[in-house]
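*Asks:* Supplied structure: work22.pdb, PDB, C-alpha atoms, pLDDT in the B column.
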MODEL        1
ATOM      1  CA  MET A   1      -7.133  -1.335  -7.702  1.00 95.00           C
ATOM      2  CA  LYS A   2     -10.133  -2.665  -5.854  1.00 97.00           C
ATOM      3  CA  ILE A   3     -11.112  -3.968  -2.441  1.00 97.00           C
ATOM      4  CA  GLY A   4      -9.437  -7.319  -1.803  1.00 98.00           C
ATOM      5  CA  ASP A   5      -6.386  -6.715  -3.999  1.00 98.00           C
ATOM      6  CA  ALA A   6      -3.009  -7.547  -2.450  1.00 98.00           C
ATOM      7  CA  VAL A   7      -0.561  -4.647  -2.740  1.00 97.00           C
ATOM      8  CA  LYS A   8       2.939  -3.655  -1.745  1.00 93.00           C
ATOM      9  CA  ILE A   9       4.769  -0.347  -1.588  1.00 88.00           C
ATOM     10  CA  ARG A  10       6.678   0.567  -4.756  1.00 85.00           C
ATOM     11  CA  ALA A  11      10.412   0.791  -4.109  1.00 71.00           C
ATOM     12  CA  HIS A  12      10.852   4.227  -5.740  1.00 65.00           C
ATOM     13  CA  VAL A  13       8.156   6.714  -6.687  1.00 61.00           C
ATOM     14  CA  PHE A  14       9.013  10.224  -7.845  1.00 58.00           C
ATOM     15  CA  ASN A  15      11.425  11.575  -5.206  1.00 60.00           C
ATOM     16  CA  TRP A  16      10.083   9.267  -2.454  1.00 55.00           C
ATOM     17  CA  ASP A  17      12.055   6.199  -1.397  1.00 56.00           C
ATOM     18  CA  ALA A  18      10.454   3.211   0.350  1.00 53.00           C
ATOM     19  CA  GLU A  19      13.412   3.119   2.743  1.00 54.00           C
ATOM     20  CA  VAL A  20      11.665   5.837   4.780  1.00 54.00           C
ATOM     21  CA  SER A  21       8.602   3.605   5.151  1.00 66.00           C
ATOM     22  CA  HIS A  22       7.828   1.943   8.493  1.00 75.00           C
ATOM     23  CA  LEU A  23       7.171  -1.311   6.608  1.00 77.00           C
ATOM     24  CA  GLU A  24       9.606  -3.905   5.335  1.00 79.00           C
ATOM     25  CA  PRO A  25      10.027  -3.611   1.538  1.00 73.00           C
ATOM     26  CA  ASP A  26       8.439  -7.016   0.907  1.00 85.00           C
ATOM     27  CA  THR A  27       5.377  -6.418   3.116  1.00 91.00           C
ATOM     28  CA  VAL A  28       2.086  -7.213   1.367  1.00 96.00           C
ATOM     29  CA  GLY A  29      -1.173  -5.550   2.406  1.00 97.00           C
ATOM     30  CA  VAL A  30      -4.810  -5.864   1.395  1.00 98.00           C
ATOM     31  CA  ILE A  31      -7.035  -3.038   0.183  1.00 98.00           C
ATOM     32  CA  VAL A  32      -9.954  -2.921   2.632  1.00 98.00           C
ATOM     33  CA  GLY A  33     -11.706   0.208   1.402  1.00 98.00           C
ATOM     34  CA  PHE A  34     -11.327   3.642  -0.136  1.00 98.00           C
ATOM     35  CA  ASP A  35     -11.186   7.168   1.244  1.00 97.00           C
ATOM     36  CA  GLY A  36     -12.342   9.052  -1.829  1.00 97.00           C
ATOM     37  CA  ALA A  37      -9.958   7.871  -4.566  1.00 96.00           C
ATOM     38  CA  GLU A  38      -7.238   6.756  -2.154  1.00 97.00           C
ATOM     39  CA  PRO A  39      -7.056   3.094  -1.121  1.00 98.00           C
ATOM     40  CA  VAL A  40      -7.183   2.115   2.551  1.00 98.00           C
ATOM     41  CA  VAL A  41      -4.737  -0.732   3.165  1.00 97.00           C
ATOM     42  CA  PHE A  42      -4.499  -3.256   5.999  1.00 97.00           C
ATOM     43  CA  TRP A  43      -0.751  -3.856   6.386  1.00 95.00           C
ATOM     44  CA  ASN A  44      -0.622  -5.530   9.801  1.00 94.00           C
ATOM     45  CA  LEU A  45      -1.957  -5.057  13.334  1.00 95.00           C
ATOM     46  CA  ASP A  46       0.275  -1.998  13.803  1.00 92.00           C
ATOM     47  CA  PHE A  47      -1.053  -0.399  10.599  1.00 93.00           C
ATOM     48  CA  PRO A  48      -4.614  -1.762  10.176  1.00 95.00           C
ATOM     49  CA  GLU A  49      -6.178   1.061   8.111  1.00 96.00           C
ATOM     50  CA  GLU A  50      -3.624   3.172   6.295  1.00 95.00           C
ATOM     51  CA  VAL A  51      -4.758   5.596   3.599  1.00 96.00           C
ATOM     52  CA  GLU A  52      -2.175   5.363   0.811  1.00 93.00           C
ATOM     53  CA  TYR A  53      -1.507   7.202  -2.429  1.00 91.00           C
ATOM     54  CA  PRO A  54      -2.389   4.875  -5.346  1.00 94.00           C
ATOM     55  CA  GLU A  55       0.804   5.773  -7.228  1.00 91.00           C
ATOM     56  CA  GLN A  56       2.861   4.436  -4.304  1.00 89.00           C
ATOM     57  CA  LEU A  57       1.254   0.980  -4.489  1.00 93.00           C
ATOM     58  CA  GLU A  58       1.815  -1.990  -6.751  1.00 93.00           C
ATOM     59  CA  VAL A  59      -0.889  -4.655  -7.112  1.00 97.00           C
ATOM     60  CA  VAL A  60       0.712  -8.086  -6.614  1.00 96.00           C
ATOM     61  CA  SER A  61      -2.514 -10.143  -6.702  1.00 96.00           C
ATOM     62  CA  GLU A  62      -5.973  -9.132  -7.873  1.00 96.00           C
ATOM     63  CA  SER A  63      -9.106 -10.295  -6.072  1.00 90.00           C
ATOM     64  CA  ARG A  64     -11.834 -11.872  -8.117  1.00 84.00           C
TER      65      ARG A  64
ENDMDL
END
Can the structure in the file be given as structure tokens, please?
*Replies:*
Amino acid sequence: MKIGDAVKIRAHVFNWDAEVSHLEPDTVGVIVGFDGAEPVVFWNLDFPEEVEYPEQLEVVSESR
């Protein structure tokens, strides 16, 4: 994962289910930075800089 990659939340990770997320399951965000090893994702105007766990994200399009 790197800045500019398009990501979405994985449907099921460990014992966590995306149904408890405040985002629609098909929402795509963009990695805009990192907080240590954790990516910071722009999801939308309501969630412009969300620090996420990398294992909960799936890269759907890599930036060049």
*Asks:* Kindly resolve the PyMOL selection byres ((chain A and resi 44-49) around 12) on the present coordinates and return the residues as a PDB file with C-alpha atoms, keeping the file's coordinate frame.
*Replies:*
ATOM      1  CA  SER A  21       8.602   3.605   5.151  1.00 66.00           C
ATOM      2  CA  HIS A  22       7.828   1.943   8.493  1.00 75.00           C
ATOM      3  CA  LEU A  23       7.171  -1.311   6.608  1.00 77.00           C
ATOM      4  CA  GLU A  24       9.606  -3.905   5.335  1.00 79.00           C
ATOM      5  CA  THR A  27       5.377  -6.418   3.116  1.00 91.00           C
ATOM      6  CA  VAL A  28       2.086  -7.213   1.367  1.00 96.00           C
ATOM      7  CA  GLY A  29      -1.173  -5.550   2.406  1.00 97.00           C
ATOM      8  CA  VAL A  30      -4.810  -5.864   1.395  1.00 98.00           C
ATOM      9  CA  ILE A  31      -7.035  -3.038   0.183  1.00 98.00           C
ATOM     10  CA  VAL A  32      -9.954  -2.921   2.632  1.00 98.00           C
ATOM     11  CA  GLY A  33     -11.706   0.208   1.402  1.00 98.00           C
ATOM     12  CA  PHE A  34     -11.327   3.642  -0.136  1.00 98.00           C
ATOM     13  CA  ASP A  35     -11.186   7.168   1.244  1.00 97.00           C
ATOM     14  CA  GLU A  38      -7.238   6.756  -2.154  1.00 97.00           C
ATOM     15  CA  PRO A  39      -7.056   3.094  -1.121  1.00 98.00           C
ATOM     16  CA  VAL A  40      -7.183   2.115   2.551  1.00 98.00           C
ATOM     17  CA  VAL A  41      -4.737  -0.732   3.165  1.00 97.00           C
ATOM     18  CA  PHE A  42      -4.499  -3.256   5.999  1.00 97.00           C
ATOM     19  CA  TRP A  43      -0.751  -3.856   6.386  1.00 95.00           C
ATOM     20  CA  GLU A  50      -3.624   3.172   6.295  1.00 95.00           C
ATOM     21  CA  VAL A  51      -4.758   5.596   3.599  1.00 96.00           C
ATOM     22  CA  GLU A  52      -2.175   5.363   0.811  1.00 93.00           C
TER      23      GLU A  52
END
*Asks:* Once the PyMOL selection byres ((chain A and resi 10) around 6) is applied to the coordinates I shared, what remains selected? I want it as a list in words.
*Replies:*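 Selected by the PyMOL selection byres ((chain A and resi 10) around 6) in this file: Ile9, Ala11, His12, Gln56, Leu57 and Glu58 of chain A.
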*Asks:* Please save C-alpha atoms of the selected residues as an mmCIF file, in the frame of the given file.
*Replies:*
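The resulting file, out.cif, is reproduced below:
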data_model
loop_
_atom_site.group_PDB
_atom_site.id
_atom_site.type_symbol
_atom_site.label_atom_id
_atom_site.label_comp_id
_atom_site.auth_asym_id
_atom_site.auth_seq_id
_atom_site.Cartn_x
_atom_site.Cartn_y
_atom_site.Cartn_z
ATOM 1 C CA ILE A 9 4.769 -0.347 -1.588
ATOM 2 C CA ALA A 11 10.412 0.791 -4.109
ATOM 3 C CA HIS A 12 10.852 4.227 -5.740
ATOM 4 C CA GLN A 56 2.861 4.436 -4.304
ATOM 5 C CA LEU A 57 1.254 0.980 -4.489
ATOM 6 C CA GLU A 58 1.815 -1.990 -6.751
#
*Asks:* I'd like the box whose edges run along x, y and z of the file and which contains every listed atom of segment 37-41 of chain A, padded by 6 Å per side; could you state its centre and edge lengths in Å, one decimal, as AutoDock Vina command-line options?
*Replies:*
--center_x -7.3 --center_y 3.6 --center_z -0.7 --size_x 17.2 --size_y 20.6 --size_z 19.7
*Asks:* Excluding Ser61 of chain A and any residue of its chain fewer than 2 positions from it, enumerate the residues within 9 Å of it, using only C-alpha atoms, and give them as a VMD selection string.
*Replies:* chain A and resid 4 to 7 59 63
